[in-house]
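> Input file: my_file10.txt. Contents: compact mmCIF, C-alpha atoms.
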```
# COMPACT_ATOMS: atom_id res chain seq x y z
CA MET A 19 -18.11 15.28 -28.58
CA ILE A 20 -16.21 13.72 -25.67
CA GLY A 21 -13.25 15.82 -26.70
CA ARG A 22 -15.26 18.98 -26.13
CA GLY A 23 -16.27 17.83 -22.67
CA SER A 24 -12.70 16.97 -21.73
CA ARG A 25 -11.33 20.42 -22.60
CA ARG A 26 -9.88 22.12 -19.58
CA LEU A 27 -11.61 25.25 -18.41
CA PRO A 28 -10.89 27.20 -15.21
CA LYS A 29 -14.26 26.51 -13.52
CA LYS A 30 -14.97 23.04 -14.95
CA LYS A 31 -14.09 20.09 -12.72
CA THR A 32 -16.24 17.31 -14.25
CA PHE A 33 -18.38 16.51 -17.27
CA ASN A 34 -20.93 13.81 -18.09
CA ILE A 35 -20.96 11.41 -21.02
CA ILE A 36 -24.41 10.20 -22.05
CA ASP A 37 -24.34 7.26 -24.44
CA LEU A 38 -27.51 7.00 -26.51
CA GLY A 39 -26.19 4.34 -28.88
CA ASN A 40 -28.15 1.13 -29.46
CA ASN A 41 -31.23 2.36 -27.67
CA ILE A 42 -33.57 0.54 -30.06
CA ASP A 43 -31.72 -2.71 -29.33
CA ARG A 44 -31.72 -1.99 -25.61
CA PHE A 45 -35.25 -0.63 -25.14
CA GLY A 46 -37.18 -1.35 -28.34
CA ALA A 47 -38.75 1.07 -30.80
CA TRP A 48 -39.96 4.38 -29.33
CA GLN A 49 -43.59 3.69 -30.27
CA SER A 50 -43.61 0.31 -28.50
CA PRO A 51 -45.23 0.07 -25.06
CA VAL A 52 -42.59 0.10 -22.33
CA ASP A 53 -42.82 -1.37 -18.84
CA TRP A 54 -40.64 1.22 -17.09
CA GLN A 55 -40.97 -0.46 -13.72
CA LEU A 56 -39.43 -3.65 -15.13
CA ILE A 57 -36.64 -1.61 -16.74
CA PHE A 58 -35.74 0.05 -13.45
CA ASP A 59 -36.22 -3.03 -11.26
CA ARG A 60 -34.62 -5.64 -13.53
CA PRO A 61 -32.84 -4.05 -16.52
CA GLU A 62 -31.03 -7.28 -17.48
CA ALA A 63 -34.30 -9.21 -17.63
CA TYR A 64 -35.90 -6.52 -19.75
CA ILE A 65 -33.01 -6.52 -22.24
CA GLU A 66 -33.10 -10.31 -22.39
CA SER A 67 -36.83 -10.25 -23.10
CA LEU A 68 -36.24 -7.90 -26.03
CA ARG A 69 -33.43 -10.05 -27.37
CA TYR A 70 -35.54 -13.19 -27.03
CA GLN A 71 -38.46 -11.63 -28.91
CA THR A 72 -36.27 -10.69 -31.86
CA THR A 73 -33.87 -13.62 -32.22
CA VAL A 74 -35.86 -16.84 -31.87
CA GLU A 75 -34.81 -19.12 -34.70
CA THR A 76 -36.03 -22.57 -35.53
CA ARG A 77 -34.08 -25.40 -37.10
CA SER A 78 -35.18 -28.68 -38.53
CA ILE A 79 -33.05 -31.79 -38.34
CA SER A 80 -31.95 -33.19 -41.71
CA ALA A 81 -33.50 -36.46 -42.84
CA ASP A 82 -30.06 -38.09 -43.03
CA LEU A 83 -29.30 -37.23 -39.42
CA ARG A 84 -32.78 -38.25 -38.34
CA ALA A 85 -32.26 -41.67 -39.91
CA LYS A 86 -29.15 -42.24 -37.76
CA PHE A 87 -31.21 -41.81 -34.57
CA PRO A 88 -34.32 -43.96 -35.14
CA ASN A 89 -34.80 -44.77 -31.43
CA THR A 90 -34.88 -41.12 -30.35
CA LEU A 91 -38.21 -39.34 -30.31
CA GLN A 92 -36.97 -35.80 -29.58
CA LEU A 93 -33.88 -34.72 -31.53
CA SER A 94 -34.28 -30.97 -31.11
CA PHE A 95 -33.38 -28.86 -28.09
CA ASP A 96 -34.66 -25.31 -27.59
CA VAL A 97 -31.49 -23.59 -26.39
CA GLN A 98 -33.06 -20.15 -26.11
CA GLY A 99 -36.11 -21.45 -24.28
CA ALA A 100 -33.93 -23.45 -21.89
CA TYR A 101 -31.75 -20.39 -21.32
CA HIS A 102 -34.69 -18.20 -20.37
CA GLU A 103 -36.13 -20.90 -18.10
CA ALA A 104 -32.77 -21.24 -16.35
CA ILE A 105 -32.35 -17.49 -15.87
CA ASP A 106 -35.94 -17.10 -14.66
CA ALA A 107 -35.32 -19.91 -12.15
CA GLY A 108 -32.17 -18.19 -10.89
CA LYS A 109 -29.82 -20.83 -12.31
CA LYS A 110 -26.54 -20.28 -14.10
CA ALA A 111 -26.65 -20.08 -17.89
CA SER A 112 -24.19 -22.97 -18.14
CA VAL A 113 -26.93 -25.46 -17.17
CA VAL A 114 -28.25 -25.02 -20.71
CA ILE A 115 -25.06 -26.43 -22.21
CA ARG A 116 -25.02 -29.21 -19.60
CA ASP A 117 -28.58 -30.20 -20.50
CA ALA A 118 -27.89 -29.99 -24.23
CA ILE A 119 -24.89 -32.30 -23.84
CA ARG A 120 -26.94 -34.77 -21.78
CA GLN A 121 -29.65 -34.84 -24.43
CA HIS A 122 -27.09 -35.51 -27.17
CA ALA A 123 -25.46 -38.21 -25.05
CA MET A 124 -28.79 -39.96 -24.50
CA MET A 125 -29.47 -39.81 -28.25
CA CYS A 126 -26.17 -41.58 -28.94
CA ILE A 127 -26.76 -44.22 -26.26
CA GLU A 128 -30.34 -44.97 -27.33
CA ASN A 129 -29.16 -45.74 -30.85
CA SER A 130 -25.98 -47.73 -30.13
CA SER A 131 -25.00 -51.14 -28.91
CA SER A 132 -21.34 -50.33 -28.20
CA ILE A 133 -19.21 -47.46 -27.00
CA ALA A 134 -17.49 -47.19 -30.38
CA GLN A 135 -20.82 -46.96 -32.19
CA ALA A 136 -22.09 -44.32 -29.73
CA LEU A 137 -18.93 -42.25 -30.24
CA GLU A 138 -19.38 -42.44 -34.02
CA LEU A 139 -22.91 -41.09 -33.59
CA ALA A 140 -21.54 -38.30 -31.39
CA ASP A 141 -19.26 -37.28 -34.27
CA GLU A 142 -22.31 -37.09 -36.55
CA LEU A 143 -23.75 -34.35 -34.34
CA ASP A 144 -21.15 -31.72 -35.28
CA GLN A 145 -23.56 -29.42 -37.15
CA GLU A 146 -26.13 -29.72 -34.38
CA ILE A 147 -23.49 -28.86 -31.81
CA GLN A 148 -22.43 -25.80 -33.81
CA TRP A 149 -26.08 -24.71 -34.03
CA ARG A 150 -26.60 -25.06 -30.29
CA ILE A 151 -23.41 -23.14 -29.52
CA LYS A 152 -24.52 -20.36 -31.88
CA GLN A 153 -27.91 -20.11 -30.16
CA TYR A 154 -26.28 -20.15 -26.72
CA GLY A 155 -23.93 -17.36 -27.79
CA LYS A 156 -26.91 -15.28 -28.88
CA CYS A 157 -28.46 -15.75 -25.47
CA LEU A 158 -25.31 -14.58 -23.72
CA GLY A 159 -25.01 -11.47 -25.89
CA LYS A 160 -21.67 -10.43 -27.25
CA VAL A 161 -19.31 -13.40 -27.25
CA THR A 162 -16.03 -13.76 -29.10
CA LYS A 163 -15.28 -16.29 -31.78
CA ASN A 164 -12.52 -17.68 -29.56
CA TYR A 165 -15.07 -18.31 -26.83
CA THR A 166 -17.53 -20.07 -29.15
CA ASP A 167 -14.71 -22.14 -30.67
CA TRP A 168 -13.57 -23.17 -27.18
CA LEU A 169 -17.16 -23.87 -26.14
CA ALA A 170 -17.70 -26.13 -29.17
CA GLU A 171 -14.52 -28.11 -28.42
CA ASP A 172 -15.44 -28.37 -24.75
CA TYR A 173 -18.98 -29.47 -25.70
CA LYS A 174 -17.63 -32.27 -27.93
CA SER A 175 -15.15 -33.40 -25.29
CA ARG A 176 -17.77 -33.46 -22.54
CA LEU A 177 -20.21 -35.25 -24.87
CA LYS A 178 -17.74 -38.04 -25.60
CA THR A 179 -16.86 -38.40 -21.92
CA LEU A 180 -20.52 -38.59 -20.96
CA VAL A 181 -21.31 -41.08 -23.74
CA GLN A 182 -18.48 -43.34 -22.58
CA ARG A 183 -19.54 -43.12 -18.94
CA PHE A 184 -23.22 -43.81 -19.68
CA MET A 185 -22.48 -46.61 -22.14
CA GLN A 186 -20.03 -48.25 -19.71
CA ARG A 187 -22.67 -48.08 -16.97
CA GLN A 188 -25.30 -49.52 -19.31
CA LEU A 189 -23.02 -52.35 -20.45
CA THR A 190 -22.04 -53.14 -16.84
CA GLN A 191 -25.69 -53.25 -15.76
CA GLY A 192 -26.48 -55.51 -18.72
CA LYS A 193 -23.76 -57.98 -17.67
CA SER A 194 -25.02 -57.93 -14.08
CA ARG A 195 -28.55 -58.72 -15.21
CA ARG A 196 -27.37 -61.63 -17.36
CA ARG A 197 -25.40 -63.09 -14.43
CA ALA A 198 -28.38 -62.75 -12.12
CA ALA A 199 -30.62 -64.55 -14.60
```
Can the structure from this file be put into structure tokens for me?


Amino acid sequence: MIGRGSRRLPKKKTFNIIDLGNNIDRFGAWQSPVDWQLIFDRPEAYIESLRYQTTVETRSISADLRAKFPNTLQLSFDVQGAYHEAIDAGKKASVVIRDAIRQHAMMCIENSSSIAQALELADELDQEIQWRIKQYGKCLGKVTKNYTDWLAEDYKSRLKTLVQRFMQRQLTQGKSRRRAA
């Protein structure tokens, strides 16, 4: 149909293209109630609210993984919930990944007595990391596989760096306390 619009005619200077594709994804089913004021005022927020309503997934931690983190009370992290809280608070979406990494780092530290042991636990979190990256990608919308692959590698690298930093700090503080005693 665009071809018809782009045909040259003596009196035609312009033409309009109206894309009606993906309207159900963008605005919901036609019989659903629609808050038009929200759509016009904040279209991105409205689209995000539709996406959030349709894509919330839950995941349970395997018993084997749970057993490796006996000192941690909360193993799960609601990526989509954290994303929406961040966006609603006017923060960048990347704070979700930062917070997810911190939570994983704390899990490794709480259940380790050495840096090497904490790093081994970090390696055990590979499936959880992949899950979190997948959920984060859904929040962002259309993301490429290259981006999610890079994000997963970056996540693992940042996790290991944070684990080492926190464990080193914890071990240093432990030595200081023993000297003071």

> Using all atoms listed in the file, find the one residue out of A:Leu169, A:Ala134, A:Ile119, A:Leu177 that sits nearest to Ser94 of chain A.

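The shortest atom-to-atom distance to Ser94 of chain A comes from A:Ile119.
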
> Pick out the closest residue to Val181 of chain A from this set: A:Lys110, A:His122, A:Lys160, A:Arg150. Count all atoms listed in the file.

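The answer is A:His122, which sits nearest to Val181 of chain A.
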
> A:Gly23, A:Ala63, A:Ser80, A:Phe33: which is nearest Asp106 of chain A, counting all atoms listed in the file?

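Of all the options, A:Ala63 lies closest to Asp106 of chain A.
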
> One number please: atom CA of Ile79 of chain A to atom CA of Glu146 of chain A, in Å, one decimal.

8.2 Å

> So the first atom is atom CA of Trp168 of chain A and the second is atom CA of Asp141 of chain A; what is the distance between them in Å, to one decimal place?

16.8 Å

> List the spatial neighbours of Phe95 of chain A as a list in words - criterion: any atom at most 12 Å away, only C-alpha atoms, same-chain residues fewer than 3 positions off excluded.

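These residues fall inside the cut-off: Glu75, Thr76, Arg77, Ser78, Ile79, Leu91, Gln92, Gln98, Gly99, Ala100, Tyr101, Val114, Ile115, Arg116, Asp117, Ala118, Ile119, Arg120, Gln121, His122, Met125, Glu146, Ile147, Trp149, Arg150, Ile151, Gln153 and Tyr154 of chain A.
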
> Determine, counting all atoms listed in the file, which protein, DNA and RNA residues have an atom within 10 Å of an atom of Ile20 of chain A; residues of the same chain fewer than 4 positions away are not included. Present the result as a PyMOL selection string.

chain A and resi 24-25+33-36

> For the selection you just gave me, I'd like the residues written to a file as an mmCIF file, keeping the file's coordinate frame, keeping C-alpha atoms.


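What ended up in out-v3.cif:
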```cif
data_model
loop_
_atom_site.group_PDB
_atom_site.id
_atom_site.type_symbol
_atom_site.label_atom_id
_atom_site.label_comp_id
_atom_site.auth_asym_id
_atom_site.auth_seq_id
_atom_site.Cartn_x
_atom_site.Cartn_y
_atom_site.Cartn_z
ATOM 1 C CA SER A 24 -12.700 16.970 -21.730
ATOM 2 C CA ARG A 25 -11.330 20.420 -22.600
ATOM 3 C CA PHE A 33 -18.380 16.510 -17.270
ATOM 4 C CA ASN A 34 -20.930 13.810 -18.090
ATOM 5 C CA ILE A 35 -20.960 11.410 -21.020
ATOM 6 C CA ILE A 36 -24.410 10.200 -22.050
#
```

> Would you mind telling me which residue in A:Ala123, A:Asn164, A:Lys156, A:Asn129 lies nearest to Arg176 of chain A when using all atoms listed in the file?

A:Ala123

> So what do you get for atom CA of Ser132 of chain A versus atom CA of Glu171 of chain A, distance-wise?

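Rounded to one decimal, the two atoms are 23.2 Å apart.
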
> May I have the residues within 10 Å of Phe87 of chain A as a PyMOL selection string, using all atoms listed in the file and disregarding those fewer than 2 positions away in the same chain?

chain A and resi 82-85+89-93+125-130+139

> From the options A:Lys109, A:His102, A:Arg22, A:Lys86, which residue's atoms come nearest to Gln135 of chain A, counting all atoms listed in the file?

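Distance minimum relative to Gln135 of chain A lands on A:Lys86.
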
> Give the centre and edge lengths of an axis-aligned box, in Å to one decimal, that holds all listed atoms of segment 150-166 of chain A with 4 Å on each side, as lines of an AutoDock Vina configuration file.


```
center_x = -20.5
center_y = -17.7
center_z = -27.8
size_x = 23.9
size_y = 22.6
size_z = 16.2
```

> Nearest to Ser112 of chain A: which of A:Met185, A:Cys157, A:Met124, A:Ala140 is it, counting all atoms listed in the file?

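Of A:Met185, A:Cys157, A:Met124, A:Ala140, the one nearest Ser112 of chain A is A:Cys157, counting all atoms listed in the file.
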
> Please complete segment 170-181 of chain A with N, CA and C atoms and give it back as an mmCIF file, in the coordinates of the input.


```
data_model
loop_
_atom_site.group_PDB
_atom_site.id
_atom_site.type_symbol
_atom_site.label_atom_id
_atom_site.label_comp_id
_atom_site.auth_asym_id
_atom_site.auth_seq_id
_atom_site.Cartn_x
_atom_site.Cartn_y
_atom_site.Cartn_z
ATOM 1 N N ALA A 170 -17.383 -24.997 -28.290
ATOM 2 C CA ALA A 170 -17.700 -26.130 -29.170
ATOM 3 C C ALA A 170 -16.761 -27.312 -28.888
ATOM 4 N N GLU A 171 -15.479 -27.038 -28.721
ATOM 5 C CA GLU A 171 -14.520 -28.110 -28.420
ATOM 6 C C GLU A 171 -14.810 -28.730 -27.047
ATOM 7 N N ASP A 172 -15.110 -27.887 -26.082
ATOM 8 C CA ASP A 172 -15.440 -28.370 -24.750
ATOM 9 C C ASP A 172 -16.718 -29.210 -24.778
ATOM 10 N N TYR A 173 -17.710 -28.753 -25.542
ATOM 11 C CA TYR A 173 -18.980 -29.470 -25.700
ATOM 12 C C TYR A 173 -18.708 -30.874 -26.236
ATOM 13 N N LYS A 174 -17.914 -30.963 -27.303
ATOM 14 C CA LYS A 174 -17.630 -32.270 -27.930
ATOM 15 C C LYS A 174 -16.870 -33.177 -26.965
ATOM 16 N N SER A 175 -15.921 -32.609 -26.249
ATOM 17 C CA SER A 175 -15.150 -33.400 -25.290
ATOM 18 C C SER A 175 -16.041 -33.916 -24.167
ATOM 19 N N ARG A 176 -16.859 -33.061 -23.614
ATOM 20 C CA ARG A 176 -17.770 -33.460 -22.540
ATOM 21 C C ARG A 176 -18.797 -34.470 -23.047
ATOM 22 N N LEU A 177 -19.255 -34.308 -24.276
ATOM 23 C CA LEU A 177 -20.210 -35.250 -24.870
ATOM 24 C C LEU A 177 -19.596 -36.640 -24.954
ATOM 25 N N LYS A 178 -18.384 -36.726 -25.462
ATOM 26 C CA LYS A 178 -17.740 -38.040 -25.600
ATOM 27 C C LYS A 178 -17.479 -38.678 -24.243
ATOM 28 N N THR A 179 -17.081 -37.881 -23.277
ATOM 29 C CA THR A 179 -16.860 -38.400 -21.920
ATOM 30 C C THR A 179 -18.155 -38.941 -21.341
ATOM 31 N N LEU A 180 -19.228 -38.183 -21.500
ATOM 32 C CA LEU A 180 -20.520 -38.590 -20.960
ATOM 33 C C LEU A 180 -21.044 -39.843 -21.669
ATOM 34 N N VAL A 181 -20.884 -39.901 -22.979
ATOM 35 C CA VAL A 181 -21.310 -41.080 -23.740
ATOM 36 C C VAL A 181 -20.570 -42.315 -23.235
#
```
